[in-house]
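Enquirer: This is the structure I want to talk about, given as structure tokens.
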Amino acid sequence: MSIVVPVYNEQPNIEKFYEEATKAAAALDMDYEIIFVDDGSKDATPLILSRLTQQDEHVRAFILARNFGHQLAITCGMDHALGDAVITMDGDLQHPPSMIPELVQKWREGNDVVQTIREATDDAGFLKRITSKWYYRILNAVSPVHITPGGSDFRLIDKRVLETFKQFREHDRFIRGLIGDIGYTQTFIHFVAPKRYAGKSKFSVRKMLHFALDGIMAYSKIPLRVSFYIGMLSGLLSLLLILHVIYCNIMGEAVPGWTTTMIVDCLFSGFQLIFIGVIGEYIGRIFEEVKHRPLYWLRAELGQHKDR
Ligand code: UDP
Ligand code: MG
């Protein structure tokens with residue numbers, strides 16, 4: 001059993017997390033490892049991790065060379081996990097380690113993926129609740145795989161699922177969608193996320209937006225298709241406008257049409273800019289992928305390497 005935990009400037013949380021996770025994992029009658037992935041922290045996180053790996057042979061740590069983002073940090077941990085099952089969870093105790101036995105139980109009942117669903121809570125903040133709800137609605141409307149609202153990156157996957165997952169090497173990844181896409185037998189557990197143990201959320205609005213866009217762009221060609229339909233529609237509208245202008249001309253009302261010019265100009269420059277943007281997003285992604293860069297690289301690897 002492997003527990004993968006991405007941490008980014010989580011200095012005040014790591015030890016508490018380590019204690020709770022160890023308590024939960026040690027109570028299971030199976031061997032386990034806790035894999036921390038330090039996502040380029042600037043605080044004492046790597047130091048604490050180094051100490052933990054020396055103290056406890058169940059702990060391993062991968063120190064990334066810089067901040068690669070939550071999704072790639074998780075990926076790094078998953079790539080190195082040796083267990084028969086892998087649990088991914090946050091290091092700020094918002095994914096309660098006390099739920100580990102329940103996840104393992106569901107796995108032993110024969111489920112390959114045990115996905116947790118975060119219940120909407122009042123303290124999540126009005127804006128985050130509303131945007132999250134609408135985001136999942138739009139995402140599901142445009143994407144061919146169903147992504148359950150409230151899905152988090154707190155889940156257990158079987159080794160078989162992990163082996164499949166490791167073959168998906170895209171950069172702009174939305175692990176929730178990938179796991180859904182991979183299939184196998186999946187089951188769900190609902191949970192209420194407690195507040196962060198200490199510190200602030202490491203997701204800025206910019207990171208959140210980027211993450212949201214990755215979810216849509218990675219799963220859907222619909223934004224491209226929409227551009228085609230709107231292009232058709234605006235083409236039709238401009239045809240009608242041209243007919244109108246010719247009609248006016250014939251009827252001798254050919255005062256140079258300032259209004260029409262303005263409308264046409266605004267409408268089309270607007271549409272063009274929007275869809276150049278859409279196309280640009282996809283081309284940007286193609287650009288990222290064709291470089292075939294490694295997804296992440298390590299500054300150090302700490303702890304013992306041993307089959308569990
Ligand atoms: N995290 C990370 N890299 C980042 C941002 C976050 O590894 O660039 C880690 C963070 O340390 C935490 C988990 O991802 O363990 C979830 O982040 P956070 O709690 O800030 O997100 P929130 O719960 O606010 O969605
Ligand atoms: Mg959190």
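Identifiers for the structure tokens are assigned positionally: chains receive A, B, ... in sequence, residues are indexed from 1 per chain, and ligands are indexed from 1 in the order shown.
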May I ask you to write as a PyMOL selection string all residues lying at most 10 Å from ligand 2, with only C-alpha atoms and all ligand atoms counted?
Expert: chain A and resi 89-95+193-203
Enquirer: Can you list, as a ChimeraX atom specification, every protein, DNA or RNA residue that comes within 6 Å of Ile3 of chain A when you count only C-alpha atoms, leaving out same-chain residues fewer than 4 positions away?
Expert: /A:34-35,86-88
Enquirer: Nearest residue to ligand 1 out of A:Asp181, A:Asp43, A:Asp38, A:Glu57, using only C-alpha atoms and all ligand atoms?
Expert: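 Of the candidates, the smallest distance to ligand 1 is held by A:Asp38.
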Enquirer: So that I can check the surroundings of Leu28 of chain A, please list as a VMD selection string every protein, DNA and RNA residue that reaches within 12 Å of it, counting only C-alpha atoms and ignoring chain neighbours fewer than 5 positions away.
Expert: chain A and resid 1 21 to 23 98 to 105 108
Enquirer: Applying 7 Å and only C-alpha atoms, which residues near segment 294-307 of chain A remain after dropping the ones on its own chain fewer than 4 positions away? List them as a ChimeraX atom specification.
Expert: /A:50,53-54,57,59-65,68,72,82,171
Enquirer: Next, write the just-selected residues to a file, as a CSV table (one decimal), in the first residue's frame, keeping C-alpha atoms as the atom set.
Expert:
chain,number,residue,atom,x,y,z
A,50,SER,CA,14.5,14.5,5.1
A,53,THR,CA,12.8,9.5,5.9
A,54,GLN,CA,15.7,9.0,8.3
A,57,GLU,CA,11.7,3.5,6.8
A,59,VAL,CA,8.6,7.2,4.5
A,60,ARG,CA,10.1,8.1,1.1
A,61,ALA,CA,10.4,11.6,-0.4
A,62,PHE,CA,10.9,13.0,-3.8
A,63,ILE,CA,12.1,16.6,-4.0
A,64,LEU,CA,11.2,18.2,-7.3
A,65,ALA,CA,13.6,20.7,-8.8
A,68,PHE,CA,5.5,21.8,-11.1
A,72,LEU,CA,2.4,16.7,-11.7
A,82,LEU,CA,5.4,0.3,-5.2
A,171,HIS,CA,1.5,17.5,-19.7
Enquirer: Can you work out which one of A:Met208, A:Met232, A:Ala141, A:Leu178 has the shortest atom-to-atom distance to ligand 1, counting only C-alpha atoms and all ligand atoms?
Expert: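 Distance minimum relative to ligand 1 lands on A:Met208.
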Enquirer: Could you pull out all residues of segment 210-263 of chain A with a DSSP call of helix (DSSP H, G or I) and give them as a PyMOL selection string?
Expert: chain A and resi 210-219+222-250+258-263
Enquirer: Kindly export the residues of the current selection with C-alpha atoms, as a compact mmCIF listing (two decimals), in the first residue's frame.
Expert:
# COMPACT_ATOMS: atom_id res chain seq x y z
CA HIS A 210 -5.47 27.18 -15.47
CA PHE A 211 -6.56 23.92 -13.86
CA ALA A 212 -10.18 24.52 -14.88
CA LEU A 213 -9.19 25.22 -18.48
CA ASP A 214 -7.05 22.07 -18.59
CA GLY A 215 -10.09 20.03 -17.63
CA ILE A 216 -12.13 21.37 -20.51
CA MET A 217 -9.43 21.52 -23.17
CA ALA A 218 -8.06 18.06 -22.39
CA TYR A 219 -11.44 16.46 -22.74
CA ILE A 222 -16.25 21.27 -28.56
CA PRO A 223 -14.77 24.77 -28.14
CA LEU A 224 -13.28 24.34 -31.62
CA ARG A 225 -16.59 23.13 -33.00
CA VAL A 226 -18.50 25.97 -31.40
CA SER A 227 -16.22 28.35 -33.24
CA PHE A 228 -17.25 26.73 -36.51
CA TYR A 229 -20.98 27.07 -35.72
CA ILE A 230 -20.71 30.67 -34.60
CA GLY A 231 -18.68 31.35 -37.71
CA MET A 232 -21.51 29.89 -39.81
CA LEU A 233 -24.12 31.93 -37.96
CA SER A 234 -22.21 35.16 -38.28
CA GLY A 235 -21.63 34.39 -41.96
CA LEU A 236 -25.38 34.09 -42.42
CA LEU A 237 -26.03 37.31 -40.53
CA SER A 238 -23.52 39.19 -42.61
CA LEU A 239 -25.19 37.87 -45.78
CA LEU A 240 -28.51 39.32 -44.59
CA LEU A 241 -26.78 42.60 -43.80
CA ILE A 242 -25.22 42.72 -47.25
CA LEU A 243 -28.65 42.13 -48.83
CA HIS A 244 -30.03 44.95 -46.70
CA VAL A 245 -27.26 47.30 -47.75
CA ILE A 246 -27.78 46.49 -51.43
CA TYR A 247 -31.53 47.03 -51.00
CA CYS A 248 -30.96 50.42 -49.44
CA ASN A 249 -28.60 51.29 -52.22
CA ILE A 250 -31.13 50.41 -54.90
CA TRP A 258 -22.23 54.21 -40.30
CA THR A 259 -24.41 52.00 -38.07
CA THR A 260 -24.09 48.87 -40.15
CA THR A 261 -20.39 49.36 -40.57
CA MET A 262 -19.98 49.65 -36.86
CA ILE A 263 -22.14 46.61 -36.11
Enquirer: I want to know what sits within 9 Å of Lys166 of chain A, based on only C-alpha atoms, with residues of the same chain fewer than 2 positions away left out; could you give that as an mmCIF file with C-alpha atoms, in the first residue's frame?
Expert:
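Final file, out34.cif:
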data_model
loop_
_atom_site.group_PDB
_atom_site.id
_atom_site.type_symbol
_atom_site.label_atom_id
_atom_site.label_comp_id
_atom_site.auth_asym_id
_atom_site.auth_seq_id
_atom_site.Cartn_x
_atom_site.Cartn_y
_atom_site.Cartn_z
ATOM 1 C CA THR A 75 2.007 12.022 -10.927
ATOM 2 C CA MET A 78 2.319 7.642 -8.454
ATOM 3 C CA ASP A 79 5.167 6.858 -10.845
ATOM 4 C CA VAL A 161 -5.133 1.026 -12.791
ATOM 5 C CA LEU A 162 -1.808 2.586 -11.837
ATOM 6 C CA GLU A 163 0.027 0.682 -14.566
ATOM 7 C CA THR A 164 -2.468 1.992 -17.137
ATOM 8 C CA PHE A 168 -0.717 8.481 -20.081
ATOM 9 C CA ARG A 169 2.074 11.028 -20.400
#
Enquirer: I need the residue nearest ligand 1 from this list: A:Lys159, A:Lys128, A:Arg285, A:Arg51. Use only C-alpha atoms and all ligand atoms for the distance.
Expert: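 Closest residue, counting only C-alpha atoms and all ligand atoms: A:Lys128.
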Enquirer: If I take atom CA of Asp31 of chain A and atom CA of Val192 of chain A, how far is one from the other in Å, to one decimal?
Expert: 27.9 Å
Enquirer: Tell me which of A:Gly125, A:Gly40, A:Pro46, A:Gly69 sits closest to ligand 1, counting only C-alpha atoms and all ligand atoms.
Expert: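 Smallest distance to ligand 1 is found for A:Gly69.
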